[in-house]
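Participant: Sharing protein-v3.cif below, mmCIF, C-alpha atoms:
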```cif
data_run
#
loop_
_atom_site.label_atom_id
_atom_site.label_comp_id
_atom_site.auth_asym_id
_atom_site.auth_seq_id
_atom_site.Cartn_x
_atom_site.Cartn_y
_atom_site.Cartn_z
CA MET A 1 -12.75 -33.26 33.33
CA VAL A 2 -15.64 -32.75 35.71
CA ALA A 3 -18.84 -34.52 34.69
CA ALA A 4 -21.49 -31.96 33.77
CA SER A 5 -23.98 -33.51 36.19
CA LEU A 6 -21.56 -33.20 39.14
CA ARG A 7 -20.96 -29.57 38.21
CA ALA A 8 -24.72 -28.95 38.04
CA LEU A 9 -25.27 -30.63 41.40
CA LEU A 10 -22.49 -28.77 43.21
CA VAL A 11 -22.22 -25.41 41.43
CA ARG A 12 -22.06 -22.64 44.06
CA SER A 13 -22.88 -25.20 46.71
CA ILE A 14 -20.27 -24.51 49.41
CA ASP A 15 -20.56 -21.52 51.71
CA TYR A 16 -17.08 -21.21 53.18
CA ALA A 17 -17.25 -20.83 56.97
CA GLY A 18 -13.56 -20.93 57.86
CA MET A 19 -13.96 -18.95 61.09
CA PHE A 20 -16.30 -21.52 62.59
CA PRO A 21 -15.53 -24.82 64.39
CA PRO A 22 -13.74 -27.07 63.97
CA CYS A 23 -11.43 -24.93 61.75
CA SER A 24 -11.93 -21.73 63.80
CA LEU A 25 -9.59 -19.49 61.78
CA GLU A 26 -9.11 -15.80 62.47
CA LEU A 27 -10.83 -13.41 60.06
CA GLU A 28 -7.76 -12.41 58.01
CA PRO A 29 -6.56 -15.93 57.06
CA ALA A 30 -10.15 -17.01 56.39
CA LEU A 31 -10.67 -14.08 54.00
CA LYS A 32 -7.32 -14.77 52.33
CA ASN A 33 -8.52 -18.33 51.77
CA GLN A 34 -11.77 -17.06 50.26
CA ALA A 35 -9.87 -14.77 47.88
CA GLU A 36 -7.65 -17.69 46.84
CA TYR A 37 -10.59 -20.06 46.38
CA ALA A 38 -12.46 -17.47 44.28
CA ARG A 39 -9.54 -17.49 41.81
CA SER A 40 -9.00 -21.26 41.81
CA ALA A 41 -10.00 -23.83 39.19
CA ASP A 42 -12.63 -25.10 41.62
CA SER A 43 -14.24 -21.69 42.16
CA TRP A 44 -17.41 -22.97 40.48
CA MET A 45 -18.19 -24.86 43.72
CA LEU A 46 -17.67 -21.82 45.94
CA SER A 47 -20.68 -19.84 47.07
CA ALA A 48 -20.55 -17.18 49.82
CA PHE A 49 -18.20 -16.37 52.69
CA VAL A 50 -19.94 -16.83 56.04
CA LEU A 51 -19.42 -13.67 58.11
CA GLN A 52 -21.11 -12.37 61.23
CA VAL A 53 -22.77 -8.96 60.93
CA ALA A 54 -20.72 -7.87 63.94
CA LYS A 55 -17.49 -8.39 61.97
CA PHE A 56 -18.33 -6.17 58.98
CA GLY A 57 -16.13 -3.35 60.26
CA GLU A 58 -13.11 -5.60 60.76
CA ALA A 59 -13.69 -7.31 57.40
CA GLY A 60 -13.59 -3.94 55.63
CA ARG A 61 -9.82 -3.83 56.24
CA PHE A 62 -9.35 -6.83 53.95
CA VAL A 63 -11.74 -6.04 51.11
CA SER A 64 -8.74 -5.10 48.94
CA LEU A 65 -8.06 -8.85 48.64
CA PHE A 66 -10.97 -8.93 46.18
CA ASP A 67 -11.71 -7.20 42.87
CA LYS A 68 -14.63 -6.62 40.51
CA GLN A 69 -14.08 -9.95 38.80
CA HIS A 70 -13.72 -11.76 42.14
CA PRO A 71 -15.87 -9.85 44.66
CA LEU A 72 -16.43 -10.85 48.27
CA ARG A 73 -19.79 -12.62 48.23
CA VAL A 74 -21.14 -12.81 51.78
CA SER A 75 -23.64 -14.91 53.67
CA THR A 76 -24.01 -12.97 56.89
CA LEU A 77 -25.08 -14.25 60.29
CA GLY A 78 -27.38 -12.17 62.46
CA ALA A 79 -27.21 -12.49 66.23
CA LYS A 80 -29.22 -15.20 67.98
CA THR A 81 -31.99 -13.93 70.22
CA ASP A 82 -34.46 -15.49 72.66
CA ASN A 83 -37.59 -13.43 71.93
CA PHE A 84 -39.15 -11.48 69.08
CA ALA A 85 -38.54 -8.03 70.57
CA ASN A 86 -34.78 -8.63 70.67
CA PHE A 87 -34.94 -10.40 67.31
CA GLN A 88 -36.58 -7.38 65.70
CA THR A 89 -33.92 -5.08 67.11
CA GLU A 90 -31.11 -7.31 65.84
CA LEU A 91 -32.77 -7.71 62.44
CA LYS A 92 -33.09 -3.95 61.96
CA GLY A 93 -29.45 -3.54 62.96
CA ALA A 94 -28.41 -6.26 60.52
CA ALA A 95 -30.32 -4.64 57.66
CA GLU A 96 -28.68 -1.27 58.33
CA ALA A 97 -25.25 -2.88 58.55
CA ILE A 98 -25.73 -4.71 55.24
CA ARG A 99 -26.71 -1.47 53.49
CA ALA A 100 -23.70 0.36 54.91
CA PHE A 101 -21.20 -2.44 54.17
CA GLN A 102 -22.29 -2.72 50.53
CA THR A 103 -22.35 1.06 50.06
CA GLN A 104 -18.83 1.43 51.46
CA HIS A 105 -17.45 -1.27 49.18
CA VAL A 106 -19.38 -0.94 45.93
CA ASP A 107 -18.40 -3.54 43.31
CA LEU A 108 -16.20 -5.39 45.82
CA VAL A 109 -18.77 -6.71 48.32
CA SER A 110 -22.12 -8.38 47.74
CA VAL A 111 -24.20 -9.58 50.69
CA ALA A 112 -26.16 -12.38 49.04
CA GLN A 113 -27.62 -14.12 52.09
CA LEU A 114 -28.72 -13.40 55.63
CA GLU A 115 -28.99 -16.25 58.14
CA MET A 116 -30.74 -15.88 61.49
CA VAL A 117 -32.20 -18.13 64.16
CA LEU A 118 -35.92 -17.57 64.67
CA PRO A 119 -37.07 -17.11 68.28
CA LYS A 120 -39.73 -19.48 69.61
CA ASP A 121 -42.42 -16.78 69.78
CA VAL A 122 -42.36 -15.90 66.08
CA ASP A 123 -45.58 -16.14 64.06
CA LEU A 124 -46.85 -15.16 60.61
CA ALA A 125 -47.54 -11.52 61.52
CA LYS A 126 -44.08 -11.13 63.03
CA LEU A 127 -42.43 -12.70 60.00
CA ASN A 128 -44.33 -10.23 57.83
CA ASP A 129 -42.79 -7.47 59.93
CA ALA A 130 -39.38 -9.00 59.22
CA ALA A 131 -40.13 -9.00 55.50
CA THR A 132 -40.86 -5.27 55.68
CA VAL A 133 -37.51 -4.59 57.38
CA LEU A 134 -35.66 -6.42 54.58
CA ALA A 135 -37.86 -5.31 51.68
CA ASP A 136 -35.32 -3.05 49.95
CA LEU A 137 -32.42 -5.51 50.23
CA LYS A 138 -31.71 -8.04 47.49
CA VAL A 139 -30.79 -10.72 49.98
CA GLN A 140 -31.92 -14.33 50.31
CA THR A 141 -32.80 -14.87 53.97
CA PHE A 142 -32.63 -18.27 55.63
CA TRP A 143 -34.37 -18.74 58.96
CA GLU A 144 -33.05 -21.42 61.30
CA THR A 145 -34.97 -23.45 63.89
CA PRO A 146 -34.22 -26.79 65.61
CA ALA A 147 -34.59 -29.80 63.29
CA GLU A 148 -37.72 -30.99 65.09
CA LEU A 149 -39.47 -27.74 64.12
CA ALA A 150 -38.49 -27.85 60.44
CA ASP A 151 -41.88 -28.99 59.11
CA GLN A 152 -43.91 -26.31 60.86
CA THR A 153 -41.38 -23.55 60.18
CA ILE A 154 -41.25 -24.35 56.46
CA ALA A 155 -45.07 -24.43 56.35
CA LEU A 156 -45.12 -21.02 58.05
CA LEU A 157 -42.66 -19.61 55.52
CA ALA A 158 -44.76 -21.03 52.68
CA ARG A 159 -47.82 -19.13 53.92
CA MET A 160 -45.89 -15.88 53.48
CA LYS A 161 -45.35 -16.47 49.73
CA GLN A 162 -42.05 -14.61 50.12
CA PRO A 163 -39.57 -16.06 47.55
CA SER A 164 -36.60 -14.43 49.27
CA PHE A 165 -37.28 -16.40 52.49
CA GLY A 166 -35.89 -19.90 52.96
CA TYR A 167 -35.16 -22.40 55.71
CA LYS A 168 -31.79 -23.28 57.26
CA LEU A 169 -31.20 -26.73 58.72
CA ARG A 170 -28.25 -27.48 60.98
CA THR A 171 -26.87 -30.85 59.89
CA GLY A 172 -24.05 -31.33 62.38
CA GLY A 173 -21.49 -29.81 64.68
CA VAL A 174 -18.50 -30.82 66.80
CA THR A 175 -20.36 -33.26 69.08
CA ALA A 176 -22.57 -36.26 68.29
CA ASP A 177 -25.71 -34.65 69.72
CA ALA A 178 -25.47 -31.82 67.16
CA PHE A 179 -26.30 -34.17 64.28
CA PRO A 180 -29.97 -34.56 63.30
CA SER A 181 -31.24 -37.97 62.27
CA SER A 182 -31.69 -38.95 58.63
CA VAL A 183 -35.44 -38.91 59.25
CA GLN A 184 -35.30 -35.28 60.41
CA ILE A 185 -33.26 -34.26 57.37
CA ALA A 186 -35.63 -36.16 55.06
CA ARG A 187 -38.67 -34.45 56.58
CA ALA A 188 -37.09 -31.01 56.13
CA ILE A 189 -36.18 -31.76 52.50
CA LEU A 190 -39.64 -33.10 51.70
CA ALA A 191 -41.34 -30.13 53.39
CA SER A 192 -39.15 -27.78 51.36
CA THR A 193 -40.16 -29.58 48.16
CA ARG A 194 -43.83 -29.73 49.07
CA HIS A 195 -44.04 -26.02 49.90
CA HIS A 196 -41.47 -24.73 47.33
CA VAL A 197 -39.40 -23.12 50.08
CA PRO A 198 -35.62 -22.92 49.48
CA ILE A 199 -33.47 -24.80 51.99
CA LYS A 200 -29.81 -24.58 52.89
CA PHE A 201 -27.74 -26.67 55.28
CA THR A 202 -24.95 -25.89 57.67
CA ALA A 203 -22.28 -27.78 59.63
CA GLY A 204 -21.25 -31.40 59.48
CA LEU A 205 -21.22 -31.81 55.69
CA HIS A 206 -17.46 -31.94 55.12
CA HIS A 207 -17.49 -35.27 53.30
CA PRO A 208 -19.29 -36.44 50.14
CA VAL A 209 -20.83 -39.62 51.53
CA LEU A 210 -22.21 -40.60 54.96
CA GLN A 211 -19.47 -42.07 57.15
CA PHE A 212 -18.61 -42.66 60.80
CA ARG A 213 -16.03 -40.18 62.07
CA ASP A 214 -13.99 -40.69 65.25
CA GLU A 215 -13.68 -36.95 65.88
CA VAL A 216 -17.42 -36.65 66.56
CA LYS A 217 -18.11 -40.29 67.54
CA THR A 218 -21.05 -40.53 65.16
CA GLU A 219 -21.93 -40.73 61.49
CA MET A 220 -21.47 -37.48 59.59
CA HIS A 221 -23.98 -36.86 56.81
CA GLY A 222 -22.59 -36.65 53.26
CA PHE A 223 -23.18 -33.63 51.05
CA LEU A 224 -23.79 -35.86 48.01
CA ASN A 225 -26.37 -37.76 50.06
CA VAL A 226 -28.13 -34.58 51.21
CA ILE A 227 -28.07 -32.50 48.01
CA GLY A 228 -28.61 -35.60 45.88
CA ALA A 229 -31.62 -36.63 47.97
CA GLY A 230 -32.90 -33.08 47.66
CA VAL A 231 -33.00 -33.08 43.87
CA LEU A 232 -33.99 -36.73 43.36
CA SER A 233 -36.76 -36.74 45.97
CA ALA A 234 -38.29 -33.67 44.36
CA GLU A 235 -37.95 -35.00 40.83
CA HIS A 236 -39.41 -38.45 41.59
CA GLN A 237 -41.79 -37.49 44.41
CA TRP A 238 -40.16 -39.80 46.91
CA ASP A 239 -41.68 -40.61 50.26
CA GLU A 240 -39.83 -40.33 53.57
CA ALA A 241 -38.55 -43.91 53.57
CA GLN A 242 -36.99 -43.62 50.10
CA THR A 243 -35.38 -40.30 50.98
CA VAL A 244 -33.94 -41.72 54.21
CA ASP A 245 -32.59 -44.68 52.22
CA MET A 246 -30.47 -42.35 50.09
CA LEU A 247 -29.38 -40.23 53.04
CA GLU A 248 -28.06 -43.34 54.78
CA ASP A 249 -26.18 -44.83 51.81
CA GLN A 250 -22.46 -45.14 52.67
CA ASN A 251 -21.41 -46.64 49.34
CA ALA A 252 -19.79 -44.02 47.10
CA LYS A 253 -20.25 -46.33 44.12
CA SER A 254 -24.01 -45.78 44.35
CA PHE A 255 -23.43 -42.25 43.03
CA GLU A 256 -22.72 -41.92 39.31
CA PHE A 257 -22.06 -38.70 37.44
CA HIS A 258 -22.26 -38.46 33.67
CA ASP A 259 -22.46 -35.55 31.26
CA THR A 260 -26.21 -35.97 30.79
CA VAL A 261 -27.48 -37.50 34.05
CA PHE A 262 -26.76 -37.96 37.74
CA ALA A 263 -27.71 -41.42 38.97
CA TRP A 264 -28.09 -42.91 42.42
CA ARG A 265 -28.67 -46.64 42.19
CA ASP A 266 -31.55 -47.02 39.69
CA TRP A 267 -32.75 -43.41 40.00
CA GLU A 268 -31.69 -40.73 37.51
CA ILE A 269 -32.11 -37.02 36.99
CA THR A 270 -31.09 -35.12 33.86
CA LEU A 271 -28.89 -32.06 33.70
CA ASP A 272 -31.66 -29.53 33.12
CA ARG A 273 -33.76 -30.99 35.97
CA ILE A 274 -30.81 -30.86 38.38
CA LYS A 275 -30.48 -27.16 37.61
CA ALA A 276 -34.21 -26.61 38.16
CA ARG A 277 -34.25 -28.50 41.48
CA ARG A 278 -31.12 -26.75 42.77
CA LYS A 279 -33.10 -23.50 42.94
CA PHE A 280 -34.60 -24.91 46.14
CA ILE A 281 -31.68 -27.07 47.40
CA THR A 282 -29.28 -24.18 47.60
CA SER A 283 -26.01 -24.69 49.49
CA PHE A 284 -24.26 -25.96 52.60
CA GLY A 285 -21.92 -24.23 55.01
CA SER A 286 -18.53 -25.84 55.64
CA CYS A 287 -15.55 -24.60 57.64
CA SER A 288 -13.36 -26.25 54.99
CA PHE A 289 -13.40 -25.76 51.24
CA ASP A 290 -10.47 -28.15 50.89
CA GLU A 291 -11.87 -31.29 52.57
CA PRO A 292 -14.89 -31.66 50.27
CA ARG A 293 -12.70 -31.28 47.17
CA GLU A 294 -9.99 -33.63 48.45
CA ASP A 295 -12.59 -36.31 49.18
CA LEU A 296 -14.15 -35.93 45.74
CA ARG A 297 -10.71 -36.32 44.17
CA GLN A 298 -10.02 -39.45 46.20
CA LEU A 299 -13.30 -40.86 44.87
CA GLY A 300 -12.25 -40.03 41.30
CA MET A 301 -15.10 -37.55 40.86
CA LEU A 302 -12.90 -34.45 40.44
#
```
Using structure tokens, write down the structure from this file.
Facilitator:
Amino acid sequence: MVAASLRALLVRSIDYAGMFPPCSLELEPALKNQAEYARSADSWMLSAFVLQVAKFGEAGRFVSLFDKQHPLRVSTLGAKTDNFANFQTELKGAAEAIRAFQTQHVDLVSVAQLEMVLPKDVDLAKLNDAATVLADLKVQTFWETPAELADQTIALLARMKQPSFGYKLRTGGVTADAFPSSVQIARAILASTRHHVPIKFTAGLHHPVLQFRDEVKTEMHGFLNVIGAGVLSAEHQWDEAQTVDMLEDQNAKSFEFHDTVFAWRDWEITLDRIKARRKFITSFGSCSFDEPREDLRQLGML
């Protein structure tokens, strides 16, 4: 049995990014994995399949792997650009591609999210232009900037009062310098809470609890640390130091899951409040759907 609080904390939490490092699968085996995961007993943890806009055409060949009960739910990546003019062009192209992809595969494909890196010259007026481009699409859009710009970007998004816009924080990679500090993650989480802007995470969160990993020669952040800190910091109005304390906890025994509450040390949050807080702490991208589950099983949580 899975504790109800663990299910609430991790339901639809993993965006499967099998084509990205370090897994780096080809499209066909990655999509076959997604189809298998969507039919598995652990499908409640699975969110969207991370797919570049540029690969929509190729992906169309494998849509038959899915059905109405198990559709292909996509989080799509727009191209990275270095200025707003190019960004606007790419965004318009992405919006057109999303419309076409969903129209061609009605009932089998749902593009639920769009993820794009914001160029440095973006401002409120330009983001309003972006909102107009995406207005007819029912897609949650997450805008990515470097971790050191998280506070100001989230504040900018809050000024838009656009509920379909959120922030994307990169939490790792394949080298040590790709990992933000616990302080940077805490500041992004607290800014998200303060401004009621949804946040998602990507990369580096393969394991439940913070741990040093030889393959990257640094500590990899844990998804229980990050998502747990997201809901508990919001519920108890934590400051930065308290949030960092949870993000840096390497003791799996600090995390307790029961049918009515999730507890970290002496802090608790009830089932209904986890569900409410998860509206803003949305998901994390991982190139593996297996590693997170295997680790949870080893900890006796699954």
Participant: Using the chain letters and numbering of this document, enumerate as a list in words the residues selected by the PyMOL selection byres ((chain A and resi 28) around 10).
Facilitator: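 So the PyMOL selection byres ((chain A and resi 28) around 10) ends up selecting Met19, Leu25, Glu26, Leu27, Pro29, Ala30, Leu31, Lys32, Asn33, Gln34, Glu58, Ala59, Arg61 and Phe62 of chain A.
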Participant: So how many Å separate CA of Cys23 in chain A and CA of Ala95 in chain A, to one decimal?
Facilitator: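 Atom-to-atom, CA of Cys23 in chain A to CA of Ala95 in chain A, that is 28.0 Å.
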Participant: For each of A:Val226, A:Lys80, A:Leu210, A:Lys279, take the minimum atom-to-atom distance to Asn251 in chain A, counting only C-alpha atoms, then give the residue where this is smallest.
Facilitator: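 For Asn251 in chain A, the nearest of the candidates is A:Leu210.
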Participant: Would you work out the distance separating CA of Tyr37 in chain A from CA of Leu72 in chain A, expressed in Å to one decimal?
Facilitator: 11.1 Å
Participant: For a test of reading the model, state the distance in Å between CA of Ala263 in chain A and CA of Ser43 in chain A, rounded to one decimal.
Facilitator: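 Those two atoms sit 24.1 Å apart.
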Participant: If you count all atoms listed in the file, which residues fall within 10 Å of Ser64 in chain A, apart from same-chain ones fewer than 5 positions away, as a PDB file with C-alpha atoms, keeping the file's coordinate frame?
Facilitator:
```pdb
ATOM      1  CA  ALA A  35      -9.870 -14.770  47.880  1.00  0.00           C
ATOM      2  CA  PRO A  71     -15.870  -9.850  44.660  1.00  0.00           C
ATOM      3  CA  LEU A  72     -16.430 -10.850  48.270  1.00  0.00           C
ATOM      4  CA  HIS A 105     -17.450  -1.270  49.180  1.00  0.00           C
ATOM      5  CA  LEU A 108     -16.200  -5.390  45.820  1.00  0.00           C
TER       6      LEU A 108
END
```
Participant: Which one is closest to Ser233 in chain A: A:Arg12, A:Arg170, A:Arg273, A:Lys161? Count all atoms listed in the file.
Facilitator: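 Nearest candidate to Ser233 in chain A out of A:Arg12, A:Arg170, A:Arg273, A:Lys161: A:Arg273.
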Participant: Pick out the residues sitting within 12 Å of Val174 in chain A, and hand them over as a list in words; count all atoms listed in the file, and ignore anything fewer than 5 positions along from it in its own chain.
Facilitator: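 Listing them by chain and then by number gives Phe20, Pro21, Pro22, Cys23, Ser24, Phe179, Ala203, Gly204, Leu205, His206, Arg213, Asp214, Glu215, Val216, Lys217, Thr218, Glu219, Met220 and Cys287 of chain A.
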Participant: Might you pull out every residue within 7 Å of range 110-120 of chain A, with only C-alpha atoms counted and same-chain residues fewer than 6 positions away left off, and present them as a list of chain:residue names?
Facilitator: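 My list of contacting residues is A:Leu72, A:Arg73, A:Val74, A:Ser75, A:Thr76, A:Leu77, A:Gly78, A:Ala79, A:Lys80, A:Thr81, A:Asp82, A:Asn83, A:Phe84, A:Ile98, A:Gln102, A:Val139, A:Gln140, A:Thr141, A:Phe142, A:Trp143, A:Glu144, A:Thr145.
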Participant: Write the residues of the selection above to a file with C-alpha atoms, as a compact mmCIF listing (two decimals), in the coordinates of the input.
Facilitator:
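Dumped to again-v8.txt:
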```txt
# COMPACT_ATOMS: atom_id res chain seq x y z
CA LEU A 72 -16.43 -10.85 48.27
CA ARG A 73 -19.79 -12.62 48.23
CA VAL A 74 -21.14 -12.81 51.78
CA SER A 75 -23.64 -14.91 53.67
CA THR A 76 -24.01 -12.97 56.89
CA LEU A 77 -25.08 -14.25 60.29
CA GLY A 78 -27.38 -12.17 62.46
CA ALA A 79 -27.21 -12.49 66.23
CA LYS A 80 -29.22 -15.20 67.98
CA THR A 81 -31.99 -13.93 70.22
CA ASP A 82 -34.46 -15.49 72.66
CA ASN A 83 -37.59 -13.43 71.93
CA PHE A 84 -39.15 -11.48 69.08
CA ILE A 98 -25.73 -4.71 55.24
CA GLN A 102 -22.29 -2.72 50.53
CA VAL A 139 -30.79 -10.72 49.98
CA GLN A 140 -31.92 -14.33 50.31
CA THR A 141 -32.80 -14.87 53.97
CA PHE A 142 -32.63 -18.27 55.63
CA TRP A 143 -34.37 -18.74 58.96
CA GLU A 144 -33.05 -21.42 61.30
CA THR A 145 -34.97 -23.45 63.89
```
Participant: Near Leu149 in chain A, counting all atoms listed in the file, which residues have an atom at most 12 Å away, once you skip same-chain residues fewer than 2 positions from it, shown as a PyMOL selection string?
Facilitator: chain A and resi 118-120+143-147+151-156+167-170+180+184-185+187-188+191
Participant: Go ahead and save the residues from that selection, with C-alpha atoms, as a PDB file, in the coordinates of the input.
Facilitator:
```
ATOM      1  CA  LEU A 118     -35.920 -17.570  64.670  1.00  0.00           C
ATOM      2  CA  PRO A 119     -37.070 -17.110  68.280  1.00  0.00           C
ATOM      3  CA  LYS A 120     -39.730 -19.480  69.610  1.00  0.00           C
ATOM      4  CA  TRP A 143     -34.370 -18.740  58.960  1.00  0.00           C
ATOM      5  CA  GLU A 144     -33.050 -21.420  61.300  1.00  0.00           C
ATOM      6  CA  THR A 145     -34.970 -23.450  63.890  1.00  0.00           C
ATOM      7  CA  PRO A 146     -34.220 -26.790  65.610  1.00  0.00           C
ATOM      8  CA  ALA A 147     -34.590 -29.800  63.290  1.00  0.00           C
ATOM      9  CA  ASP A 151     -41.880 -28.990  59.110  1.00  0.00           C
ATOM     10  CA  GLN A 152     -43.910 -26.310  60.860  1.00  0.00           C
ATOM     11  CA  THR A 153     -41.380 -23.550  60.180  1.00  0.00           C
ATOM     12  CA  ILE A 154     -41.250 -24.350  56.460  1.00  0.00           C
ATOM     13  CA  ALA A 155     -45.070 -24.430  56.350  1.00  0.00           C
ATOM     14  CA  LEU A 156     -45.120 -21.020  58.050  1.00  0.00           C
ATOM     15  CA  TYR A 167     -35.160 -22.400  55.710  1.00  0.00           C
ATOM     16  CA  LYS A 168     -31.790 -23.280  57.260  1.00  0.00           C
ATOM     17  CA  LEU A 169     -31.200 -26.730  58.720  1.00  0.00           C
ATOM     18  CA  ARG A 170     -28.250 -27.480  60.980  1.00  0.00           C
ATOM     19  CA  PRO A 180     -29.970 -34.560  63.300  1.00  0.00           C
ATOM     20  CA  GLN A 184     -35.300 -35.280  60.410  1.00  0.00           C
ATOM     21  CA  ILE A 185     -33.260 -34.260  57.370  1.00  0.00           C
ATOM     22  CA  ARG A 187     -38.670 -34.450  56.580  1.00  0.00           C
ATOM     23  CA  ALA A 188     -37.090 -31.010  56.130  1.00  0.00           C
ATOM     24  CA  ALA A 191     -41.340 -30.130  53.390  1.00  0.00           C
TER      25      ALA A 191
END
```
Participant: Starting from the displayed file, determine the output of the PyMOL selection byres ((chain A and resi 244) around 12) and express the residue list as a ChimeraX atom specification.
Facilitator: /A:181-190,210,221,225-226,228-230,232-233,238-243,245-249
Participant: Residues at most 9 Å from Ile269 in chain A, counting all atoms listed in the file, excluding those fewer than 5 positions away in the same chain, as a list in words?
Facilitator: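 The residues satisfying every condition are Ser5, Val231, Leu232, Glu235, His236, Thr260, Val261, Phe262, Ala263, Trp264 and Ile274 of chain A.
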Participant: Calculated over only C-alpha atoms, which of the candidates A:Arg159, A:His196, A:Lys92, A:His207 has the smallest distance to Arg293 in chain A?
Facilitator: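 Of A:Arg159, A:His196, A:Lys92, A:His207, the one nearest Arg293 in chain A is A:His207, counting only C-alpha atoms.
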Participant: Around all the atoms of range 277-281 of chain A listed in the file, draw an axis-aligned box and extend it by 8 Å on each of the six sides; I want its centre and edge lengths in Å to one decimal, as AutoDock Vina command-line options.
Facilitator:
```
--center_x -32.9 --center_y -26.0 --center_z 44.4 --size_x 19.5 --size_y 21.0 --size_z 21.9
```
